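**Student:** Below you'll find the structure I mean.
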Amino acid sequence: MEAANKIGALATRLIDNKTAINVFLGGSFLALGVRSLNQQKDIEALEAEKESLIKSNKAIREAMWNWKQQLFAEATAAADNALVPLSKLKAIYGEASTPQSGDAGKEDVKSPASRFVV
């Protein structure tokens, strides 16, 4: 019991002692400052990585655009001997609209079960 009283008295003195509170608050501030510094370094590294990824994505998009244009040009130049016709290439890349026949649209409206494949 005496040990508990001593611990209680020590805790009371520490709570009343402003120096102990100031040391605790200073340590907390220091720990938060160090954590903030580490987080700032991480953020800067991530921003640099983001910029690098944006540049590489732009380069990839540009290369893909050039390849597609070259493919279209080759398909146009060799229209008779092309493995894949230009119209099919444009449909694959979503640049050509495929016209729907009126009968197919009517069939879908009449029979909703025709939409499902079993």
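Numbering starts fresh at 1 for the residues of each chain in the structure tokens, the chains themselves are lettered A, B, ... in the order given, and ligands are numbered from 1 as they appear.
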From a DSSP calculation on the backbone, collect every residue of chain A in helix (DSSP H, G or I) and output the set as a PyMOL selection string.

**Tutor:** chain A and resi 2-16+18-77+86-92+102-110+112-115

**Student:** Can you spit out the residues from that selection as a JSON list (two decimals), in the first residue's frame, using C-alpha atoms?

**Tutor:**
```
[["chain", "number", "residue", "atom", "x", "y", "z"],
["A", 2, "GLU", "CA", 2.86, 2.31, 0.83],
["A", 3, "ALA", "CA", 4.34, 1.82, -2.68],
["A", 4, "ALA", "CA", 1.04, 2.79, -4.28],
["A", 5, "ASN", "CA", 0.92, 5.95, -2.14],
["A", 6, "LYS", "CA", 4.46, 6.86, -3.20],
["A", 7, "ILE", "CA", 3.61, 6.33, -6.89],
["A", 8, "GLY", "CA", 0.45, 8.40, -6.49],
["A", 9, "ALA", "CA", 2.38, 11.20, -4.76],
["A", 10, "LEU", "CA", 5.04, 11.14, -7.48],
["A", 11, "ALA", "CA", 2.39, 11.30, -10.21],
["A", 12, "THR", "CA", 0.69, 14.22, -8.47],
["A", 13, "ARG", "CA", 3.99, 16.12, -8.22],
["A", 14, "LEU", "CA", 4.76, 15.46, -11.88],
["A", 15, "ILE", "CA", 1.34, 16.68, -12.94],
["A", 16, "ASP", "CA", 1.73, 19.79, -10.82],
["A", 18, "LYS", "CA", 5.13, 22.63, -15.12],
["A", 19, "THR", "CA", 8.64, 21.65, -16.16],
["A", 20, "ALA", "CA", 7.59, 18.02, -16.61],
["A", 21, "ILE", "CA", 4.58, 19.09, -18.66],
["A", 22, "ASN", "CA", 6.75, 21.38, -20.79],
["A", 23, "VAL", "CA", 9.29, 18.58, -21.39],
["A", 24, "PHE", "CA", 6.49, 16.22, -22.41],
["A", 25, "LEU", "CA", 4.96, 18.79, -24.75],
["A", 26, "GLY", "CA", 8.37, 19.64, -26.23],
["A", 27, "GLY", "CA", 9.09, 15.95, -26.86],
["A", 28, "SER", "CA", 5.70, 15.54, -28.50],
["A", 29, "PHE", "CA", 6.34, 18.59, -30.69],
["A", 30, "LEU", "CA", 9.75, 17.24, -31.68],
["A", 31, "ALA", "CA", 8.31, 13.81, -32.54],
["A", 32, "LEU", "CA", 5.57, 15.40, -34.65],
["A", 33, "GLY", "CA", 8.12, 17.58, -36.41],
["A", 34, "VAL", "CA", 10.28, 14.58, -37.32],
["A", 35, "ARG", "CA", 7.24, 12.68, -38.57],
["A", 36, "SER", "CA", 6.16, 15.68, -40.64],
["A", 37, "LEU", "CA", 9.62, 15.97, -42.19],
["A", 38, "ASN", "CA", 9.58, 12.29, -43.18],
["A", 39, "GLN", "CA", 6.12, 12.64, -44.69],
["A", 40, "GLN", "CA", 7.23, 15.71, -46.65],
["A", 41, "LYS", "CA", 10.15, 13.76, -48.11],
["A", 42, "ASP", "CA", 7.78, 10.94, -49.10],
["A", 43, "ILE", "CA", 5.39, 13.40, -50.74],
["A", 44, "GLU", "CA", 8.19, 15.00, -52.74],
["A", 45, "ALA", "CA", 9.41, 11.59, -53.92],
["A", 46, "LEU", "CA", 5.88, 10.60, -54.95],
["A", 47, "GLU", "CA", 5.39, 13.89, -56.84],
["A", 48, "ALA", "CA", 8.63, 13.32, -58.73],
["A", 49, "GLU", "CA", 7.53, 9.78, -59.59],
["A", 50, "LYS", "CA", 4.14, 11.12, -60.71],
["A", 51, "GLU", "CA", 5.79, 13.60, -63.08],
["A", 52, "SER", "CA", 7.96, 10.83, -64.50],
["A", 53, "LEU", "CA", 4.95, 8.59, -65.05],
["A", 54, "ILE", "CA", 3.01, 11.39, -66.73],
["A", 55, "LYS", "CA", 5.89, 12.00, -69.14],
["A", 56, "SER", "CA", 6.24, 8.30, -69.97],
["A", 57, "ASN", "CA", 2.46, 7.96, -70.46],
["A", 58, "LYS", "CA", 2.48, 10.89, -72.89],
["A", 59, "ALA", "CA", 5.36, 9.33, -74.81],
["A", 60, "ILE", "CA", 3.55, 5.98, -74.98],
["A", 61, "ARG", "CA", 0.31, 7.62, -76.17],
["A", 62, "GLU", "CA", 2.22, 9.51, -78.85],
["A", 63, "ALA", "CA", 3.98, 6.35, -80.02],
["A", 64, "MET", "CA", 0.68, 4.45, -80.16],
["A", 65, "TRP", "CA", -0.92, 7.29, -82.14],
["A", 66, "ASN", "CA", 1.96, 7.26, -84.62],
["A", 67, "TRP", "CA", 1.75, 3.47, -85.01],
["A", 68, "LYS", "CA", -1.99, 3.64, -85.60],
["A", 69, "GLN", "CA", -1.57, 6.37, -88.20],
["A", 70, "GLN", "CA", 1.15, 4.34, -89.90],
["A", 71, "LEU", "CA", -1.10, 1.26, -89.88],
["A", 72, "PHE", "CA", -3.94, 3.26, -91.46],
["A", 73, "ALA", "CA", -1.56, 4.67, -94.08],
["A", 74, "GLU", "CA", -0.27, 1.21, -94.95],
["A", 75, "ALA", "CA", -3.82, -0.16, -95.18],
["A", 76, "THR", "CA", -4.80, 2.73, -97.44],
["A", 77, "ALA", "CA", -1.74, 2.33, -99.67],
["A", 86, "LEU", "CA", -9.02, 0.01, -93.64],
["A", 87, "SER", "CA", -12.72, 0.02, -92.76],
["A", 88, "LYS", "CA", -12.21, -2.96, -90.44],
["A", 89, "LEU", "CA", -9.17, -1.31, -88.83],
["A", 90, "LYS", "CA", -11.17, 1.85, -88.19],
["A", 91, "ALA", "CA", -13.98, -0.23, -86.68],
["A", 92, "ILE", "CA", -11.49, -1.98, -84.42],
["A", 102, "GLY", "CA", -33.72, -1.18, -89.25],
["A", 103, "ASP", "CA", -34.71, -4.87, -89.03],
["A", 104, "ALA", "CA", -32.19, -5.68, -86.32],
["A", 105, "GLY", "CA", -33.44, -2.81, -84.16],
["A", 106, "LYS", "CA", -37.05, -3.91, -84.60],
["A", 107, "GLU", "CA", -36.20, -7.49, -83.71],
["A", 108, "ASP", "CA", -34.65, -6.40, -80.42],
["A", 109, "VAL", "CA", -37.72, -4.39, -79.52],
["A", 110, "LYS", "CA", -40.11, -7.25, -80.30],
["A", 112, "PRO", "CA", -36.38, -8.96, -75.29],
["A", 113, "ALA", "CA", -35.16, -12.55, -74.86],
["A", 114, "SER", "CA", -33.08, -12.20, -78.01],
["A", 115, "ARG", "CA", -30.66, -9.99, -76.11]]
```
